[in-house]
Each structure stands twice: as structure tokens, then as C-alpha cells.
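Structure file protein-v2.cif; described as mmCIF, C-alpha atoms, pLDDT in the B column; chains and numbers go by the auth columns.
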```cif
data_model
#
loop_
_atom_site.group_PDB
_atom_site.id
_atom_site.type_symbol
_atom_site.label_atom_id
_atom_site.label_comp_id
_atom_site.label_asym_id
_atom_site.label_seq_id
_atom_site.Cartn_x
_atom_site.Cartn_y
_atom_site.Cartn_z
_atom_site.B_iso_or_equiv
_atom_site.auth_seq_id
_atom_site.auth_asym_id
ATOM 1 C CA MET A 1 76.484 107.523 59.700 43.00 17 A
ATOM 2 C CA THR A 2 79.009 108.111 62.439 45.00 18 A
ATOM 3 C CA GLY A 3 77.982 109.887 65.642 49.00 19 A
ATOM 4 C CA ARG A 4 78.173 113.294 63.956 62.00 20 A
ATOM 5 C CA LYS A 5 74.910 115.065 63.163 81.00 21 A
ATOM 6 C CA ALA A 6 74.198 115.357 59.441 93.00 22 A
ATOM 7 C CA PHE A 7 74.817 119.126 59.434 96.00 23 A
ATOM 8 C CA TRP A 8 75.200 119.214 55.639 96.00 24 A
ATOM 9 C CA ARG A 9 71.561 118.158 55.320 95.00 25 A
ATOM 10 C CA ASP A 10 70.277 120.729 57.799 93.00 26 A
ATOM 11 C CA LYS A 11 72.310 123.821 56.903 94.00 27 A
ATOM 12 C CA ARG A 12 73.075 125.941 53.890 93.00 28 A
ATOM 13 C CA LEU A 13 76.759 126.331 53.045 96.00 29 A
ATOM 14 C CA GLU A 14 76.706 129.872 54.435 95.00 30 A
ATOM 15 C CA GLU A 15 75.510 128.560 57.796 96.00 31 A
ATOM 16 C CA LEU A 16 78.348 126.088 58.317 96.00 32 A
ATOM 17 C CA SER A 17 80.894 126.727 61.031 96.00 33 A
ATOM 18 C CA ALA A 18 84.553 126.756 60.017 94.00 34 A
ATOM 19 C CA GLU A 19 84.911 123.240 61.435 95.00 35 A
ATOM 20 C CA GLU A 20 81.878 121.970 59.500 96.00 36 A
ATOM 21 C CA TRP A 21 83.133 123.637 56.302 96.00 37 A
ATOM 22 C CA GLU A 22 86.486 121.883 56.552 95.00 38 A
ATOM 23 C CA ALA A 23 84.840 118.571 57.486 96.00 39 A
ATOM 24 C CA LEU A 24 82.734 118.730 54.344 97.00 40 A
ATOM 25 C CA CYS A 25 85.815 118.279 52.138 96.00 41 A
ATOM 26 C CA ASP A 26 85.937 114.625 51.086 95.00 42 A
ATOM 27 C CA GLY A 27 89.709 114.631 50.556 95.00 43 A
ATOM 28 C CA CYS A 28 89.582 113.538 46.925 95.00 44 A
ATOM 29 C CA GLY A 29 92.158 116.098 45.763 95.00 45 A
ATOM 30 C CA ARG A 30 90.503 116.698 42.405 96.00 46 A
ATOM 31 C CA CYS A 31 90.323 120.446 42.946 94.00 47 A
ATOM 32 C CA CYS A 32 94.144 120.446 43.235 95.00 48 A
ATOM 33 C CA LEU A 33 94.543 119.248 39.663 97.00 49 A
ATOM 34 C CA ASN A 34 95.593 121.800 37.090 96.00 50 A
ATOM 35 C CA LYS A 35 93.054 122.686 34.466 96.00 51 A
ATOM 36 C CA LEU A 36 93.455 124.299 31.071 96.00 52 A
ATOM 37 C CA GLU A 37 90.936 126.827 29.798 94.00 53 A
ATOM 38 C CA ASP A 38 90.363 127.368 26.096 94.00 54 A
ATOM 39 C CA PHE A 39 90.869 131.088 25.533 92.00 55 A
ATOM 40 C CA ASP A 40 88.180 131.282 22.831 95.00 56 A
ATOM 41 C CA THR A 41 85.440 129.052 24.244 95.00 57 A
ATOM 42 C CA GLY A 42 86.126 129.091 27.989 92.00 58 A
ATOM 43 C CA GLU A 43 85.949 125.285 27.973 94.00 59 A
ATOM 44 C CA ILE A 44 87.852 123.666 30.829 95.00 60 A
ATOM 45 C CA SER A 45 90.049 120.621 30.235 97.00 61 A
ATOM 46 C CA TRP A 46 91.445 118.671 33.174 97.00 62 A
ATOM 47 C CA THR A 47 94.964 117.352 33.537 98.00 63 A
ATOM 48 C CA ASN A 48 96.316 114.815 35.983 98.00 64 A
ATOM 49 C CA ILE A 49 99.007 117.325 36.918 98.00 65 A
ATOM 50 C CA ALA A 50 98.745 118.254 40.582 97.00 66 A
ATOM 51 C CA CYS A 51 99.709 121.540 42.163 96.00 67 A
ATOM 52 C CA ARG A 52 103.255 121.608 43.491 95.00 68 A
ATOM 53 C CA LEU A 53 101.855 121.923 47.038 96.00 69 A
ATOM 54 C CA TYR A 54 99.798 118.759 46.691 96.00 70 A
ATOM 55 C CA ASP A 55 100.646 115.660 48.714 95.00 71 A
ATOM 56 C CA GLU A 56 99.393 112.777 46.585 91.00 72 A
ATOM 57 C CA THR A 57 99.656 110.229 49.396 91.00 73 A
ATOM 58 C CA GLU A 58 97.482 112.204 51.815 91.00 74 A
ATOM 59 C CA CYS A 59 95.451 113.970 49.089 93.00 75 A
ATOM 60 C CA ARG A 60 95.945 117.231 50.932 93.00 76 A
ATOM 61 C CA CYS A 61 97.708 120.553 50.463 94.00 77 A
ATOM 62 C CA LEU A 62 101.124 120.709 52.083 94.00 78 A
ATOM 63 C CA ASP A 63 100.604 124.387 53.001 94.00 79 A
ATOM 64 C CA TYR A 64 96.842 124.707 53.255 93.00 80 A
ATOM 65 C CA ALA A 65 96.868 127.859 55.409 92.00 81 A
ATOM 66 C CA ASN A 66 99.068 129.744 52.931 93.00 82 A
ATOM 67 C CA ARG A 67 97.997 128.094 49.681 93.00 83 A
ATOM 68 C CA ALA A 68 96.485 131.195 48.055 90.00 84 A
ATOM 69 C CA ARG A 69 99.592 133.244 48.808 91.00 85 A
ATOM 70 C CA GLU A 70 101.974 130.509 47.667 92.00 86 A
ATOM 71 C CA MET A 71 99.968 129.626 44.563 92.00 87 A
ATOM 72 C CA PRO A 72 98.296 132.713 43.048 90.00 88 A
ATOM 73 C CA ASP A 73 96.156 130.507 40.761 91.00 89 A
ATOM 74 C CA CYS A 74 94.711 128.601 43.728 94.00 90 A
ATOM 75 C CA VAL A 75 91.003 129.215 44.187 92.00 91 A
ATOM 76 C CA PRO A 76 90.057 128.685 47.845 92.00 92 A
ATOM 77 C CA LEU A 77 86.459 127.507 47.988 94.00 93 A
ATOM 78 C CA THR A 78 83.868 129.642 49.748 95.00 94 A
ATOM 79 C CA PRO A 79 80.088 129.304 50.090 94.00 95 A
ATOM 80 C CA GLN A 80 79.764 132.080 47.530 92.00 96 A
ATOM 81 C CA ASN A 81 82.125 130.842 44.836 95.00 97 A
ATOM 82 C CA VAL A 82 81.148 127.159 45.073 95.00 98 A
ATOM 83 C CA ARG A 83 77.894 128.091 43.354 93.00 99 A
ATOM 84 C CA GLU A 84 79.745 129.958 40.601 93.00 100 A
ATOM 85 C CA ILE A 85 82.671 127.635 39.864 93.00 101 A
ATOM 86 C CA ASP A 86 81.654 125.416 36.974 89.00 102 A
ATOM 87 C CA TRP A 87 84.721 123.178 37.109 92.00 103 A
ATOM 88 C CA LEU A 88 84.056 121.544 40.469 94.00 104 A
ATOM 89 C CA PRO A 89 83.823 117.784 39.940 94.00 105 A
ATOM 90 C CA PRO A 90 80.347 116.244 40.200 93.00 106 A
ATOM 91 C CA SER A 91 81.457 114.309 43.287 94.00 107 A
ATOM 92 C CA CYS A 92 82.557 117.422 45.204 96.00 108 A
ATOM 93 C CA ALA A 93 80.743 117.588 48.548 97.00 109 A
ATOM 94 C CA TYR A 94 80.588 121.384 48.410 97.00 110 A
ATOM 95 C CA ARG A 95 78.928 121.213 45.017 95.00 111 A
ATOM 96 C CA LEU A 96 76.542 118.469 46.135 96.00 112 A
ATOM 97 C CA VAL A 97 75.394 120.425 49.194 96.00 113 A
ATOM 98 C CA ALA A 98 75.079 123.650 47.176 95.00 114 A
ATOM 99 C CA GLU A 99 72.811 121.766 44.758 94.00 115 A
ATOM 100 C CA GLY A 100 70.726 120.318 47.598 94.00 116 A
ATOM 101 C CA ARG A 101 72.019 116.783 47.019 94.00 117 A
ATOM 102 C CA ASP A 102 73.316 114.319 49.588 95.00 118 A
ATOM 103 C CA LEU A 103 76.847 113.016 49.934 97.00 119 A
ATOM 104 C CA TYR A 104 78.015 109.778 48.360 96.00 120 A
ATOM 105 C CA TRP A 105 78.372 106.660 50.502 96.00 121 A
ATOM 106 C CA TRP A 106 82.159 106.871 50.432 96.00 122 A
ATOM 107 C CA HIS A 107 82.281 110.336 52.016 97.00 123 A
ATOM 108 C CA HIS A 108 83.937 110.113 55.428 97.00 124 A
ATOM 109 C CA LEU A 109 80.988 111.846 57.125 97.00 125 A
ATOM 110 C CA LEU A 110 78.846 108.862 56.105 96.00 126 A
ATOM 111 C CA SER A 111 81.351 106.017 56.099 96.00 127 A
ATOM 112 C CA GLY A 112 83.234 107.048 59.213 96.00 128 A
ATOM 113 C CA SER A 113 86.559 106.576 57.445 97.00 129 A
ATOM 114 C CA ARG A 114 88.743 108.936 55.438 95.00 130 A
ATOM 115 C CA GLN A 115 89.943 105.886 53.481 96.00 131 A
ATOM 116 C CA THR A 116 86.686 105.128 51.656 96.00 132 A
ATOM 117 C CA VAL A 117 87.204 107.995 49.184 96.00 133 A
ATOM 118 C CA HIS A 118 90.385 106.180 48.112 95.00 134 A
ATOM 119 C CA GLU A 119 88.873 102.698 48.257 95.00 135 A
ATOM 120 C CA ALA A 120 86.009 103.842 46.020 95.00 136 A
ATOM 121 C CA GLY A 121 88.486 105.134 43.427 93.00 137 A
ATOM 122 C CA ILE A 122 87.321 108.725 43.746 95.00 138 A
ATOM 123 C CA SER A 123 90.541 110.315 44.977 96.00 139 A
ATOM 124 C CA THR A 124 93.552 111.325 42.948 96.00 140 A
ATOM 125 C CA ARG A 125 95.847 109.024 44.910 96.00 141 A
ATOM 126 C CA GLY A 126 98.192 107.226 42.520 95.00 142 A
ATOM 127 C CA ARG A 127 96.854 109.130 39.494 96.00 143 A
ATOM 128 C CA THR A 128 98.834 112.360 39.394 97.00 144 A
ATOM 129 C CA VAL A 129 102.157 113.831 38.438 97.00 145 A
ATOM 130 C CA SER A 130 103.524 116.967 40.056 97.00 146 A
ATOM 131 C CA GLU A 131 103.603 120.197 38.123 96.00 147 A
ATOM 132 C CA CYS A 132 107.256 120.370 39.188 96.00 148 A
ATOM 133 C CA ASP A 133 107.920 117.425 36.858 97.00 149 A
ATOM 134 C CA VAL A 134 106.123 118.675 33.734 97.00 150 A
ATOM 135 C CA GLU A 135 106.884 121.684 31.573 97.00 151 A
ATOM 136 C CA VAL A 136 103.841 123.924 31.130 95.00 152 A
ATOM 137 C CA THR A 137 104.214 123.565 27.370 96.00 153 A
ATOM 138 C CA ASP A 138 103.608 119.815 27.772 98.00 154 A
ATOM 139 C CA TRP A 139 100.466 120.016 29.920 97.00 155 A
ATOM 140 C CA GLU A 140 98.196 119.194 26.974 97.00 156 A
ATOM 141 C CA ASP A 141 99.856 115.764 26.924 98.00 157 A
ATOM 142 C CA PHE A 142 98.348 115.078 30.362 98.00 158 A
ATOM 143 C CA LEU A 143 94.655 115.689 29.666 98.00 159 A
ATOM 144 C CA VAL A 144 92.240 113.339 31.455 98.00 160 A
ATOM 145 C CA ASP A 145 88.474 113.089 31.749 95.00 161 A
ATOM 146 C CA TRP A 146 88.070 111.022 34.922 95.00 162 A
ATOM 147 C CA PRO A 147 87.783 114.036 37.276 95.00 163 A
ATOM 148 C CA THR A 148 84.507 115.025 35.617 93.00 164 A
ATOM 149 C CA ALA A 149 82.991 111.534 35.547 90.00 165 A
ATOM 150 C CA GLU A 150 79.877 111.065 37.662 84.00 166 A
ATOM 151 C CA PRO A 151 80.740 108.535 40.374 85.00 167 A
ATOM 152 C CA ALA A 152 78.886 105.248 40.583 78.00 168 A
ATOM 153 C CA GLU A 153 76.349 105.076 43.401 69.00 169 A
#
```

Please go through the file and, once you have read it, give me the structure as C-alpha cells.
Amino acid sequence: MTGRKAFWRDKRLEELSAEEWEALCDGCGRCCLNKLEDFDTGEISWTNIACRLYDETECRCLDYANRAREMPDCVPLTPQNVREIDWLPPSCAYRLVAEGRDLYWWHHLLSGSRQTVHEAGISTRGRTVSECDVEVTDWEDFLVDWPTAEPAE
């Protein structure tokens, strides 16, 4: 681990400072992928279509501070809703900590590098198309299952 104390092991999500909360994000970008929900069953299907505010190179939101205002469907994560959202990928650090699990080796808080999430093939880098380039009626043509795959140890 880098010189940073393993705060995610010692604190509950509700106890994290704003800086610790933001640091917990692994930068994978999976939560920025559009999902389709079956109206009858509630089942969630993932697409590889990224939000129009998503920067695929950096795997970050281009307007993070205003994302919920700019994108009404955006669901900013909180300590409360992380426990309720069933579509968070199994690799999500917020989900892992909420479940009392540790972070994966490629998480920057363990590896010391924000590049290991990409090197491990966890991020969305190089795997998405922008929602600006796909008609909503065609989204079913972009269904993928890799965001829900359990990462290799």
C-alpha cells in the first residue's frame, strides 16, 4: 500500500470524509455506462454506451460537479444509496466497502497508481461509445455483460 492509511478498512462509508469518499472511486467508469431496465421484471441490462459527459480516455465525468443537473438520470453515489443500488458492478470500491470486503489489488489506493485499473482491464477505457453517437432506439444493439463480471483476483 502507498503511504495512505487504509481508511476504507477502518471506517464505515458514512464516516468517510469528502476527500476519502472521492479517493475511494477506482476510476473504472462502469457506473457511467447506460443501463436498460426491463419494465416488467426490473432486470437491468448493461450497454457499452457511455453518458455524454463521460471522458473515455480519463474514465471521468467531464462535469462532475454539475453532473446531476446536466444529466437528470445520473445517480450520484452516497453512503446511503450504495447499499440500495443493485446495479453497481461487483468490482465497485463503494460496493466492496459497504459489503465489508477489501479492495482489489489494482485499486489505486493499494497499487499507488491510477493506471492499474486500466492495466487490469477493469476500466471502460477503449470499450465504450458515446450516447451522442447512438439513437436511443438502437441501445439494445449495444448490450454487454462484462461490467457485471466478477474480476479475477

With the PyMOL selection byres ((chain A and resi 64) around 7) as the selection, what would be picked from this file? Answer as a ChimeraX atom specification, please. /A:49,62-63,65-66,143-145,158-160

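Minimum atom-to-atom distance to Trp37 of chain A, evaluated using only C-alpha atoms, belongs to A:Thr94 out of A:Thr94, A:Thr57, A:Asn82, A:Ser139.
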
Atom CA of Gly116 of chain A to atom CA of Ala165 of chain A: how many Å, to one decimal?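 Between atom CA of Gly116 of chain A and atom CA of Ala165 of chain A the gap is 19.3 Å.
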
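The space between atom CA of Gly142 of chain A and atom CA of Cys75 of chain A spans 9.8 Å.
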
How many Å separate atom CA of Arg68 of chain A from atom CA of Val150 of chain A?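 Spanning atom CA of Arg68 of chain A to atom CA of Val150 of chain A is a straight-line distance of 10.6 Å.
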
Selection: 12 Å around Ala81 of chain A, all atoms listed in the file, excl. self and same-chain fewer than 4 positions, as a PDB file with C-alpha atoms, in the frame of the given file:
```pdb
ATOM      1  CA  LEU A  69     101.855 121.923  47.038  1.00 96.00           C
ATOM      2  CA  ARG A  76      95.945 117.231  50.932  1.00 93.00           C
ATOM      3  CA  CYS A  77      97.708 120.553  50.463  1.00 94.00           C
ATOM      4  CA  ARG A  85      99.592 133.244  48.808  1.00 91.00           C
ATOM      5  CA  GLU A  86     101.974 130.509  47.667  1.00 92.00           C
ATOM      6  CA  MET A  87      99.968 129.626  44.563  1.00 92.00           C
ATOM      7  CA  CYS A  90      94.711 128.601  43.728  1.00 94.00           C
ATOM      8  CA  PRO A  92      90.057 128.685  47.845  1.00 92.00           C
TER       9      PRO A  92
END
```

Residues selected by the PyMOL selection byres ((chain A and resi 110) around 10), written as a ChimeraX atom specification: /A:24,29,37,40-42,93-95,98-99,104-109,111-117,119

Using all atoms listed in the file, pick whichever of A:Trp121, A:Glu72, A:Phe55, A:Asp154 has the shortest atom-to-atom distance to Ala136 of chain A.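 Closest candidate: A:Trp121.
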
The PyMOL selection byres ((chain A and resi 52) around 8) on the file shown: which residues, as JSON, numbers by chain? {"A": [50, 51, 53, 54, 60, 61, 62, 63]}

Using all atoms listed in the file for the distances, tell me which of A:Cys44, A:Ala39, A:Pro163, A:Leu32 is nearest to Gly128 of chain A.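 Answer, going by the shortest atom-to-atom distance: A:Ala39.
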
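Each of A:Leu125, A:Ala84, A:Cys67, A:Ile101 was checked against Gly45 of chain A using all atoms listed in the file; the smallest atom-to-atom distance is that of A:Cys67.
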